[in-house]
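Enquirer: This one is input.cif, mmCIF, C-alpha atoms.
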```
data_coords
#
loop_
_atom_site.label_atom_id
_atom_site.label_comp_id
_atom_site.auth_asym_id
_atom_site.auth_seq_id
_atom_site.Cartn_x
_atom_site.Cartn_y
_atom_site.Cartn_z
CA MET A 1 0.00 0.00 0.00
CA VAL A 2 1.35 3.40 -1.00
CA ASP A 3 1.06 6.49 1.16
CA VAL A 4 -0.83 9.23 -0.69
CA SER A 5 1.31 12.13 0.51
CA ILE A 6 4.55 10.27 -0.27
CA PHE A 7 3.25 9.42 -3.77
CA LYS A 8 2.42 13.07 -4.48
CA LYS A 9 5.70 14.26 -2.96
CA ARG A 10 7.78 11.85 -5.08
CA ILE A 11 6.15 13.06 -8.30
CA THR A 12 6.42 16.71 -7.29
CA GLU A 13 10.13 16.21 -6.48
CA ILE A 14 10.81 14.57 -9.83
CA LEU A 15 9.30 17.58 -11.60
CA SER A 16 11.16 20.10 -9.50
CA GLN A 17 9.14 23.09 -10.71
CA GLU A 18 7.87 26.13 -8.82
CA TYR A 19 4.32 25.84 -10.14
CA THR A 20 2.14 23.59 -7.96
CA LEU A 21 1.02 20.48 -9.79
CA GLU A 22 -2.63 19.61 -9.23
CA PHE A 23 -3.49 15.98 -8.44
CA LEU A 24 -7.01 15.27 -9.68
CA GLY A 25 -9.44 12.36 -9.87
CA ASP A 26 -12.80 11.29 -8.45
CA ASN A 27 -11.24 8.53 -6.33
CA LEU A 28 -7.61 9.60 -6.62
CA GLU A 29 -6.56 8.89 -3.04
CA GLU A 30 -8.33 5.51 -2.86
CA ILE A 31 -6.62 4.41 -6.07
CA ILE A 32 -3.17 5.54 -4.87
CA CYS A 33 -3.73 3.47 -1.73
CA LEU A 34 -4.42 0.41 -3.91
CA LEU A 35 -1.05 0.70 -5.69
CA SER A 36 1.69 -1.77 -4.87
CA ASP A 37 5.18 -0.37 -4.33
CA THR A 38 6.24 -1.87 -7.67
CA LYS A 39 3.37 -0.19 -9.54
CA ALA A 40 4.13 3.14 -7.85
CA GLU A 41 7.83 2.83 -8.78
CA LYS A 42 6.83 2.24 -12.40
CA ILE A 43 4.77 5.43 -12.32
CA TYR A 44 7.71 7.44 -10.90
CA GLN A 45 9.94 6.00 -13.64
CA TRP A 46 7.34 6.90 -16.26
CA VAL A 47 7.29 10.52 -15.04
CA GLN A 48 11.11 10.59 -15.27
CA GLU A 49 10.87 9.23 -18.82
CA ILE A 50 8.46 12.04 -19.70
CA LEU A 51 10.97 14.60 -18.47
CA ALA A 52 13.66 12.88 -20.56
CA LEU A 53 11.35 13.30 -23.62
CA ASN A 54 11.15 9.52 -24.05
CA ILE A 55 7.35 9.35 -23.79
CA ARG A 56 5.29 10.72 -26.67
CA PRO A 57 2.36 13.01 -25.84
CA ILE A 58 -1.02 13.39 -27.49
CA VAL A 59 -1.28 16.81 -29.13
CA THR A 60 -4.58 18.25 -30.27
CA GLY A 61 -5.20 21.05 -32.76
CA SER A 62 -8.36 22.10 -30.94
CA PRO A 63 -8.85 25.79 -30.03
CA LYS A 64 -11.26 24.81 -27.21
CA ALA A 65 -10.62 26.60 -23.92
CA TYR A 66 -9.37 24.45 -21.07
CA LYS A 67 -9.20 26.46 -17.82
CA GLU A 68 -6.78 29.33 -18.58
CA TRP A 69 -5.30 27.63 -21.65
CA LYS A 70 -6.40 26.46 -25.09
CA ALA A 71 -6.41 22.72 -25.74
CA HIS A 72 -3.79 23.08 -28.50
CA GLN A 73 -1.33 24.59 -26.02
CA LEU A 74 -1.29 21.38 -24.00
CA LEU A 75 0.54 18.07 -24.22
CA THR A 76 -1.14 15.06 -22.63
CA PHE A 77 0.76 11.96 -21.57
CA ARG A 78 -1.20 8.77 -20.99
CA TYR A 79 -0.30 5.82 -18.76
CA PRO A 80 -2.60 2.79 -18.58
CA PHE A 81 -2.40 0.18 -15.84
CA SER A 82 -4.70 -2.23 -14.08
CA ILE A 83 -5.23 -3.43 -10.55
CA GLY A 84 -7.05 -6.74 -10.48
CA ASN A 85 -9.82 -6.57 -13.07
CA THR A 86 -10.09 -2.79 -13.09
CA GLU A 87 -8.29 -0.62 -15.61
CA TYR A 88 -7.00 2.79 -14.63
CA ARG A 89 -5.44 5.63 -16.58
CA ILE A 90 -3.12 8.48 -15.70
CA LEU A 91 -3.34 11.62 -17.82
CA PHE A 92 -0.46 13.97 -17.14
CA VAL A 93 -0.94 17.43 -18.64
CA LYS A 94 1.81 19.85 -19.57
CA VAL A 95 1.70 23.31 -21.14
CA LYS A 96 3.89 23.13 -24.27
CA ASN A 97 7.49 24.13 -23.53
CA PHE A 98 6.45 25.27 -20.05
CA ILE A 99 5.10 23.61 -16.90
CA TYR A 100 3.30 20.46 -15.85
CA ILE A 101 -0.14 21.45 -14.58
CA GLU A 102 -2.26 18.40 -13.82
CA PHE A 103 -1.90 14.74 -12.84
CA HIS A 104 -5.20 12.94 -13.36
CA LEU A 105 -5.72 9.41 -12.08
CA GLY A 106 -8.97 7.52 -12.42
CA ASP A 107 -11.00 4.70 -13.87
CA HIS A 108 -12.20 4.55 -17.48
CA LYS A 109 -15.24 6.72 -16.80
CA TYR A 110 -13.11 9.50 -15.32
CA TYR A 111 -10.56 9.11 -18.13
CA ASP A 112 -13.27 9.62 -20.75
CA LYS A 113 -14.52 12.72 -18.95
CA VAL A 114 -11.05 14.31 -18.86
CA ARG A 115 -10.40 13.42 -22.50
CA LYS A 116 -13.59 15.22 -23.47
CA ASP A 117 -12.62 18.26 -21.37
CA LEU A 118 -9.24 18.36 -23.10
CA ASP A 119 -10.99 17.87 -26.47
CA LEU A 120 -8.96 14.74 -27.18
CA LYS A 121 -12.15 12.83 -27.95
CA LYS A 122 -15.57 14.12 -28.96
CA SER A 123 -17.50 10.97 -28.11
CA ASN A 124 -16.66 8.09 -25.79
CA TYR A 125 -15.64 5.93 -28.71
CA MET B 1 -31.62 -14.50 -27.55
CA ILE B 2 -30.69 -12.97 -30.92
CA ILE B 3 -27.59 -14.09 -32.83
CA TYR B 4 -26.06 -11.54 -35.17
CA ASN B 5 -23.66 -13.42 -37.44
CA PRO B 6 -23.65 -11.86 -40.93
CA HIS B 7 -20.60 -13.77 -42.17
CA ASN B 8 -21.67 -17.15 -40.76
CA GLU B 9 -18.57 -17.42 -38.63
CA PRO B 10 -18.43 -20.73 -36.74
CA LEU B 11 -19.61 -19.95 -33.20
CA LEU B 12 -18.80 -22.25 -30.31
CA ASN B 13 -21.92 -24.09 -29.18
CA GLU B 14 -20.92 -24.16 -25.53
CA CYS B 15 -20.52 -20.39 -25.47
CA LEU B 16 -24.09 -19.82 -26.70
CA LYS B 17 -25.59 -21.38 -23.59
CA GLU B 18 -23.23 -19.51 -21.28
CA ALA B 19 -23.93 -16.25 -23.15
CA GLU B 20 -27.67 -16.70 -22.74
CA GLU B 21 -27.26 -17.31 -19.00
CA LEU B 22 -25.04 -14.26 -18.56
CA LEU B 23 -27.35 -11.97 -20.53
CA ALA B 24 -30.33 -13.16 -18.48
CA GLN B 25 -28.56 -11.91 -15.33
CA ILE B 26 -28.27 -8.36 -16.68
CA PRO B 27 -31.14 -6.06 -15.69
CA ALA B 28 -31.16 -4.15 -18.99
CA ARG B 29 -33.10 -4.55 -22.23
CA TYR B 30 -30.21 -3.93 -24.60
CA CYS B 31 -27.14 -5.98 -23.81
CA PHE B 32 -24.89 -8.18 -25.90
CA ILE B 33 -21.70 -10.22 -25.93
CA THR B 34 -19.06 -10.01 -28.63
CA GLY B 35 -15.37 -10.74 -29.11
CA SER B 36 -13.15 -13.76 -28.83
CA PHE B 37 -15.44 -15.54 -26.32
CA LEU B 38 -17.75 -16.33 -29.25
CA TYR B 39 -15.24 -17.98 -31.53
CA GLN B 40 -12.07 -18.89 -29.61
CA GLU B 41 -11.76 -21.75 -27.15
CA LYS B 42 -9.12 -19.80 -25.28
CA TYR B 43 -10.28 -16.30 -24.45
CA LYS B 44 -9.14 -13.73 -21.91
CA ASP B 45 -12.34 -11.80 -21.17
CA ILE B 46 -16.02 -12.02 -21.94
CA ASP B 47 -16.85 -8.62 -23.43
CA VAL B 48 -20.35 -7.59 -22.41
CA PHE B 49 -21.87 -4.32 -23.64
CA ILE B 50 -24.96 -2.67 -22.22
CA VAL B 51 -26.78 0.16 -23.99
CA THR B 52 -28.50 2.16 -21.31
CA ARG B 53 -29.23 5.63 -19.98
CA SER B 54 -28.88 4.41 -16.42
CA LYS B 55 -25.81 5.47 -14.43
CA LYS B 56 -26.18 2.49 -12.09
CA GLU B 57 -23.16 0.22 -12.12
CA ILE B 58 -23.89 -3.38 -13.12
CA THR B 59 -21.59 -6.21 -12.06
CA LEU B 60 -21.71 -9.97 -12.59
CA GLU B 61 -20.15 -12.67 -10.46
CA ASN B 62 -18.17 -14.18 -13.35
CA LYS B 63 -14.67 -12.66 -13.01
CA LYS B 64 -13.99 -12.93 -16.73
CA VAL B 65 -16.88 -10.65 -17.61
CA LYS B 66 -15.83 -7.15 -18.62
CA ILE B 67 -18.82 -4.81 -18.81
CA THR B 68 -18.83 -1.65 -20.90
CA THR B 69 -21.78 0.71 -20.76
CA ILE B 70 -22.75 2.53 -23.94
CA ASP B 71 -24.82 5.67 -23.97
CA PHE B 72 -27.63 5.97 -26.54
CA ASN B 73 -25.76 8.96 -28.02
CA ASP B 74 -22.93 6.63 -28.97
CA ILE B 75 -24.90 4.11 -31.01
CA TYR B 76 -24.22 6.23 -34.09
CA SER B 77 -20.49 5.52 -33.72
CA LEU B 78 -18.30 3.25 -35.81
CA PHE B 79 -17.33 1.46 -32.60
CA TYR B 80 -20.94 0.49 -31.82
CA HIS B 81 -21.63 -0.50 -35.42
CA SER B 82 -18.56 -2.75 -35.32
CA ILE B 83 -19.14 -4.48 -31.98
CA SER B 84 -22.86 -5.02 -32.56
CA LYS B 85 -22.36 -6.45 -36.05
CA SER B 86 -21.47 -9.96 -34.87
CA CYS B 87 -22.74 -10.66 -31.38
CA ILE B 88 -25.18 -12.48 -29.19
CA ALA B 89 -27.82 -10.13 -27.84
CA LYS B 90 -30.61 -10.40 -25.31
CA ASN B 91 -33.05 -8.60 -27.64
CA PHE B 92 -32.94 -6.94 -31.05
CA LEU B 93 -30.42 -4.13 -30.68
CA PRO B 94 -31.22 -0.48 -31.42
CA GLN B 95 -30.01 0.51 -34.89
CA ARG B 96 -29.09 4.04 -35.90
CA PRO B 97 -27.34 5.39 -39.00
CA LEU B 98 -23.58 5.59 -38.80
CA LYS B 99 -22.14 9.05 -38.20
CA VAL B 100 -18.42 9.24 -38.79
CA THR B 101 -16.27 12.03 -40.20
CA LEU B 102 -12.73 12.42 -41.48
CA SER B 103 -12.09 14.65 -38.50
CA ASP B 104 -13.04 11.73 -36.17
CA TYR B 105 -10.67 9.52 -38.16
CA TRP B 106 -7.82 11.99 -37.80
CA GLN B 107 -8.47 12.21 -34.06
CA VAL B 108 -8.05 8.42 -33.87
CA ILE B 109 -4.75 8.56 -35.79
CA ASN B 110 -3.52 11.50 -33.74
CA GLU B 111 -3.94 9.49 -30.54
CA ALA B 112 -2.98 6.08 -31.90
CA ILE B 113 0.48 7.00 -33.24
CA PRO B 114 1.98 8.25 -29.94
CA THR B 115 0.31 5.36 -28.07
CA LEU B 116 1.70 2.85 -30.55
CA LEU B 117 5.23 4.24 -30.19
CA ASN B 118 4.98 4.37 -26.39
CA GLU B 119 3.77 0.78 -26.10
CA LYS B 120 5.39 -0.98 -29.04
CA ASP B 121 5.02 -4.45 -27.54
CA ARG B 122 1.27 -4.05 -26.97
CA PHE B 123 0.47 -2.89 -30.49
CA HIS B 124 -2.31 -5.46 -31.02
CA LYS B 125 -4.30 -3.88 -28.21
CA ASN B 126 -3.62 -0.30 -29.23
CA VAL B 127 -4.43 -0.32 -32.93
CA ARG B 128 -8.05 -1.52 -32.87
CA PHE B 129 -9.59 1.88 -33.58
CA LEU B 130 -6.85 2.80 -36.02
CA VAL B 131 -7.47 -0.32 -38.13
CA LEU B 132 -11.26 -0.14 -37.78
CA TYR B 133 -11.41 3.46 -39.05
CA THR B 134 -8.79 2.92 -41.76
CA GLU B 135 -10.59 -0.11 -43.19
CA TYR B 136 -13.91 1.71 -43.07
CA PHE B 137 -12.59 4.72 -44.97
CA LYS B 138 -10.62 2.51 -47.35
CA THR B 139 -13.35 0.01 -48.27
CA GLY B 140 -16.60 1.30 -46.78
CA GLU B 141 -16.87 -1.92 -44.79
CA ILE B 142 -17.40 -1.99 -41.04
CA LEU B 143 -15.31 -4.82 -39.66
CA ASP B 144 -16.89 -6.89 -36.91
CA THR B 145 -14.78 -8.05 -33.95
CA PHE B 146 -13.83 -11.29 -35.71
CA GLN B 147 -12.66 -9.55 -38.90
CA LEU B 148 -10.91 -6.83 -36.91
CA ASN B 149 -8.95 -9.40 -34.89
CA GLU B 150 -7.90 -11.16 -38.07
CA LYS B 151 -6.76 -7.91 -39.69
CA ILE B 152 -4.84 -6.80 -36.58
CA HIS B 153 -3.09 -10.15 -36.27
CA SER B 154 -1.95 -9.91 -39.89
CA PHE B 155 0.55 -7.24 -38.70
CA LYS B 156 3.79 -8.75 -37.40
CA ASP B 157 4.93 -5.69 -35.46
CA TYR B 158 4.32 -1.97 -34.98
CA HIS B 159 6.55 -1.12 -37.97
CA GLU B 160 4.06 -2.85 -40.25
CA VAL B 161 1.21 -0.85 -38.75
CA MET B 162 3.11 2.43 -39.30
CA GLY B 163 3.83 1.39 -42.90
CA TYR B 164 0.15 0.54 -43.45
CA ILE B 165 -0.92 4.02 -42.26
CA LYS B 166 1.78 5.78 -44.25
CA ARG B 167 0.76 3.89 -47.40
CA GLU B 168 -3.03 4.00 -47.09
CA LEU B 169 -3.83 7.33 -45.49
CA PRO B 170 -2.90 9.85 -48.23
CA ARG B 171 -4.97 7.86 -50.76
CA ILE B 172 -7.93 7.50 -48.40
CA ILE B 173 -8.07 11.16 -47.42
CA ASN B 174 -7.64 12.48 -50.93
CA ALA B 175 -10.35 10.16 -52.25
CA ALA B 176 -12.77 11.09 -49.47
CA ALA B 177 -12.37 14.87 -49.15
CA LYS B 178 -12.29 17.95 -51.34
CA PRO B 179 -8.79 19.40 -51.94
CA SER B 180 -9.79 22.71 -50.34
CA TYR B 181 -10.87 20.90 -47.14
CA VAL B 182 -7.74 18.76 -47.11
CA LYS B 183 -5.49 21.81 -47.42
CA ARG B 184 -7.31 23.84 -44.78
CA PHE B 185 -7.65 21.03 -42.23
CA PHE B 186 -4.22 19.45 -42.59
CA TYR B 187 -2.18 22.67 -42.85
CA THR B 188 -3.76 23.65 -39.52
CA GLN B 189 -2.82 20.28 -37.99
CA ALA B 190 0.74 20.56 -39.30
CA GLY B 191 1.11 23.88 -37.46
CA TYR B 192 0.43 22.23 -34.10
CA TYR B 193 2.87 19.37 -34.72
CA LYS B 194 5.61 21.76 -35.83
CA ASP B 195 6.12 22.99 -32.24
CA VAL B 196 6.89 19.51 -30.95
CA LEU B 197 8.94 17.86 -33.67
CA TYR B 198 11.42 16.63 -31.04
CA TYR B 199 8.94 13.75 -30.49
CA ASP B 200 9.12 11.02 -33.14
CA ALA B 201 5.32 10.49 -33.00
CA GLN B 202 4.63 14.09 -33.95
CA ARG B 203 7.40 13.98 -36.58
CA PHE B 204 5.62 10.99 -38.12
CA LEU B 205 2.24 12.79 -38.00
CA TYR B 206 3.79 15.97 -39.45
CA GLN B 207 5.29 13.99 -42.33
CA LEU B 208 2.00 12.14 -42.83
CA VAL B 209 0.15 15.46 -43.07
CA HIS B 210 2.60 16.64 -45.74
CA ASN B 211 2.18 13.38 -47.66
CA ILE B 212 -1.58 13.89 -47.57
CA ILE B 213 -1.33 17.48 -48.80
CA GLY B 214 1.24 16.40 -51.40
CA GLY B 215 -1.24 13.80 -52.65
CA ILE B 216 -3.59 16.56 -53.79
CA HIS B 217 -1.27 17.41 -56.63
CA GLY B 218 -0.21 13.82 -57.33
#
```
When written as structure tokens, how does the structure in this file appear?

Expert:
Amino acid sequence: MVDVSIFKKRITEILSQEYTLEFLGDNLEEIICLLSDTKAEKIYQWVQEILALNIRPIVTGSPKAYKEWKAHQLLTFRYPFSIGNTEYRILFVKVKNFIYIEFHLGDHKYYDKVRKDLDLKKSNY
Amino acid sequence: MIIYNPHNEPLLNECLKEAEELLAQIPARYCFITGSFLYQEKYKDIDVFIVTRSKKEITLENKKVKITTIDFNDIYSLFYHSISKSCIAKNFLPQRPLKVTLSDYWQVINEAIPTLLNEKDRFHKNVRFLVLYTEYFKTGEILDTFQLNEKIHSFKDYHEVMGYIKRELPRIINAAAKPSYVKRFFYTQAGYYKDVLYYDAQRFLYQLVHNIIGGIHG
């Protein structure tokens, strides 16, 4: 079982940026608690790989507003994993050539909702 | 129980009984089973789909059952048309005309290419939509789950999938859209990829866009 505050701290430390990263998700803390140490380590490694530009983002050409940005200003990195029979997704959002703003973690329903907000998908399918 | 099997694929008799029992346990009018459970002796999951407006979560005791809920707004999609084409359903399924655009197709490619390059070893799982949309725009045919599996397993590795997209896409787009639309839409897309050409996925997409635009004059 992974401690929620340690999980958030590890990711924040890897980023080492002044801007505060937001951790979001309907059941974010419950899901973090379900992670094994190995799964959590893989997530930390994945974040490091993003910083090393080894993970490819999804880029949209949409002009849709997303909070204080436009969707086309954002890069979204996706990490799928499962615990038991349930599939989860991380969506890690960065402003192009700037800062990491959001770390979303949730089930498929939450993932679809965030994808729609970011205009990565117009329908669920 | 209704069996949708337009291509007369051999279905496993033992699965029909189990499918009927599973569907009877689901408290919804429109539900169906598709995928490898119907035609492979060894299967990983039993893919159950429920078309409903209800937000209530439905679970079954069988651990292999994977339930996906589909909203009525999504029965116009290529995905629904594909999964409901060959399936075992509790009742006659709702039918609506297909609504799919080139812009939807590009959105699928835009997401599939980085995913494919990030998870090269899991390419079979990640190219379902990419192949489904490409075959639809190429031939006008909606592949069912059986045909889609066959097509996907004809690719040996992710390189072959990338080659397939590179080869087919310029022809498909230029046959399906007016040159003025192609230029306007794809020049705009190219602009967004240009900022992030340090990623190989976006370099591939940027080059693909130029091949598509180049095809207008070819």

Enquirer: When the PyMOL selection byres ((chain A) within 9 of (chain B)) is applied to the structure above, which residues does it catch, written out as a list in words?

Expert: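 Applying the PyMOL selection byres ((chain A) within 9 of (chain B)) to the structure shown produces Leu53, Asn54, Ile55, Arg56, Pro57, Ile58, Val59, Thr60, Gly61, His72, Gln73, Arg78, Asn85, Lys96, Asn97, Leu120, Lys121, Lys122, Ser123, Asn124 and Tyr125 of chain A.
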
Enquirer: Quick one, how far is CA of Gly25 in chain A from CA of Ile50 in chain A?

Expert: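 Those two atoms sit 20.4 Å apart.
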
Enquirer: Please evaluate the PyMOL selection byres ((chain B and resi 213) around 8) against the structure above and give the resulting residues as a list of chain:residue names.

Expert: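 The output of the PyMOL selection byres ((chain B and resi 213) around 8) on this file is B:Pro170, B:Val182, B:Lys183, B:Phe186, B:Tyr187, B:Val209, B:His210, B:Asn211, B:Ile212, B:Gly214, B:Gly215, B:Ile216, B:His217.
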
Enquirer: Determine the residue set returned by the PyMOL selection byres ((chain B and resi 16) around 10) for the present structure, and present it as a compact mmCIF listing (two decimals) with C-alpha atoms, in the coordinates of the input.

Expert:
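Below is the file selection-v1.txt, written as the result:
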```txt
# COMPACT_ATOMS: atom_id res chain seq x y z
CA MET B 1 -31.62 -14.50 -27.55
CA ILE B 3 -27.59 -14.09 -32.83
CA LEU B 11 -19.61 -19.95 -33.20
CA LEU B 12 -18.80 -22.25 -30.31
CA ASN B 13 -21.92 -24.09 -29.18
CA GLU B 14 -20.92 -24.16 -25.53
CA CYS B 15 -20.52 -20.39 -25.47
CA LYS B 17 -25.59 -21.38 -23.59
CA GLU B 18 -23.23 -19.51 -21.28
CA ALA B 19 -23.93 -16.25 -23.15
CA GLU B 20 -27.67 -16.70 -22.74
CA GLU B 21 -27.26 -17.31 -19.00
CA LEU B 22 -25.04 -14.26 -18.56
CA ILE B 33 -21.70 -10.22 -25.93
CA PHE B 37 -15.44 -15.54 -26.32
CA LEU B 38 -17.75 -16.33 -29.25
CA ILE B 88 -25.18 -12.48 -29.19
```

Enquirer: Ranking A:Lys94, A:Ile101, A:Ile11, A:Ser5 by minimum distance to Trp46 in chain A and counting only C-alpha atoms, which one comes first?

Expert: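 Once distances to Trp46 in chain A are computed over only C-alpha atoms, the minimum belongs to A:Ile11.
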
Enquirer: Could you tell me how far CA of Ile32 in chain A lies from CA of Lys116 in chain A, in Å and to one decimal?

Expert: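 Distance between the two atoms: 23.4 Å.
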
Enquirer: What's around Pro80 in chain A at 10 Å? Count all atoms listed in the file, leave out sequence neighbours fewer than 2 positions away in its own chain, and write the answer as a PDB file with C-alpha atoms, in the frame of the given file.

Expert:
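around.pdb, written as the output of this step:
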```pdb
ATOM      1  CA  ARG A  78      -1.200   8.770 -20.990  1.00  0.00           C
ATOM      2  CA  SER A  82      -4.700  -2.230 -14.080  1.00  0.00           C
ATOM      3  CA  GLU A  87      -8.290  -0.620 -15.610  1.00  0.00           C
ATOM      4  CA  TYR A  88      -7.000   2.790 -14.630  1.00  0.00           C
ATOM      5  CA  ARG A  89      -5.440   5.630 -16.580  1.00  0.00           C
ATOM      6  CA  ILE A  90      -3.120   8.480 -15.700  1.00  0.00           C
ATOM      7  CA  LEU A  91      -3.340  11.620 -17.820  1.00  0.00           C
ATOM      8  CA  LEU A 105      -5.720   9.410 -12.080  1.00  0.00           C
ATOM      9  CA  ASP A 107     -11.000   4.700 -13.870  1.00  0.00           C
ATOM     10  CA  HIS A 108     -12.200   4.550 -17.480  1.00  0.00           C
TER      11      HIS A 108
END
```

Enquirer: Kindly indicate which residue among A:Lys8, A:Lys64, A:Lys42, A:Lys70 lies nearest to Thr20 in chain A, using all atoms listed in the file for the distances.

Expert: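 Distance minimum relative to Thr20 in chain A lands on A:Lys8.
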
Enquirer: Output as a short mmCIF file (atom, residue, chain, number, x, y, z; two decimals), keeping the file's coordinate frame: range 95-112 of chain A, completed with N, CA and C atoms.

Expert:
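Contents of out-v6.cif, as written:
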```cif
data_model
loop_
_atom_site.label_atom_id
_atom_site.label_comp_id
_atom_site.auth_asym_id
_atom_site.auth_seq_id
_atom_site.Cartn_x
_atom_site.Cartn_y
_atom_site.Cartn_z
N VAL A 95 1.81 22.20 -20.19
CA VAL A 95 1.70 23.31 -21.14
C VAL A 95 2.95 23.25 -22.01
N LYS A 96 2.77 23.27 -23.34
CA LYS A 96 3.89 23.13 -24.27
C LYS A 96 5.08 24.01 -23.89
N ASN A 97 6.24 23.43 -23.83
CA ASN A 97 7.49 24.13 -23.53
C ASN A 97 7.43 24.94 -22.23
N PHE A 98 6.60 24.48 -21.27
CA PHE A 98 6.45 25.27 -20.05
C PHE A 98 6.35 24.35 -18.83
N ILE A 99 5.23 24.32 -18.19
CA ILE A 99 5.10 23.61 -16.90
C ILE A 99 4.11 22.44 -16.97
N TYR A 100 4.27 21.54 -16.01
CA TYR A 100 3.30 20.46 -15.85
C TYR A 100 2.19 20.98 -14.92
N ILE A 101 0.94 20.82 -15.37
CA ILE A 101 -0.14 21.45 -14.58
C ILE A 101 -1.04 20.46 -13.84
N GLU A 102 -1.29 19.31 -14.45
CA GLU A 102 -2.26 18.40 -13.82
C GLU A 102 -1.86 16.93 -13.94
N PHE A 103 -2.12 16.19 -12.87
CA PHE A 103 -1.90 14.74 -12.84
C PHE A 103 -3.25 14.12 -12.52
N HIS A 104 -3.89 13.56 -13.55
CA HIS A 104 -5.20 12.94 -13.36
C HIS A 104 -5.02 11.43 -13.19
N LEU A 105 -5.73 10.86 -12.25
CA LEU A 105 -5.72 9.41 -12.08
C LEU A 105 -7.14 8.95 -11.82
N GLY A 106 -7.60 7.99 -12.63
CA GLY A 106 -8.97 7.52 -12.42
C GLY A 106 -9.30 6.30 -13.23
N ASP A 107 -10.54 5.86 -13.10
CA ASP A 107 -11.00 4.70 -13.87
C ASP A 107 -11.38 5.16 -15.28
N HIS A 108 -11.93 4.24 -16.07
CA HIS A 108 -12.20 4.55 -17.48
C HIS A 108 -13.22 5.67 -17.64
N LYS A 109 -14.19 5.70 -16.74
CA LYS A 109 -15.24 6.72 -16.80
C LYS A 109 -14.62 8.12 -16.60
N TYR A 110 -13.76 8.22 -15.60
CA TYR A 110 -13.11 9.50 -15.32
C TYR A 110 -12.18 9.89 -16.47
N TYR A 111 -11.48 8.90 -17.00
CA TYR A 111 -10.56 9.11 -18.13
C TYR A 111 -11.31 9.70 -19.33
N ASP A 112 -12.48 9.12 -19.63
CA ASP A 112 -13.27 9.62 -20.75
C ASP A 112 -13.71 11.07 -20.53
#
```
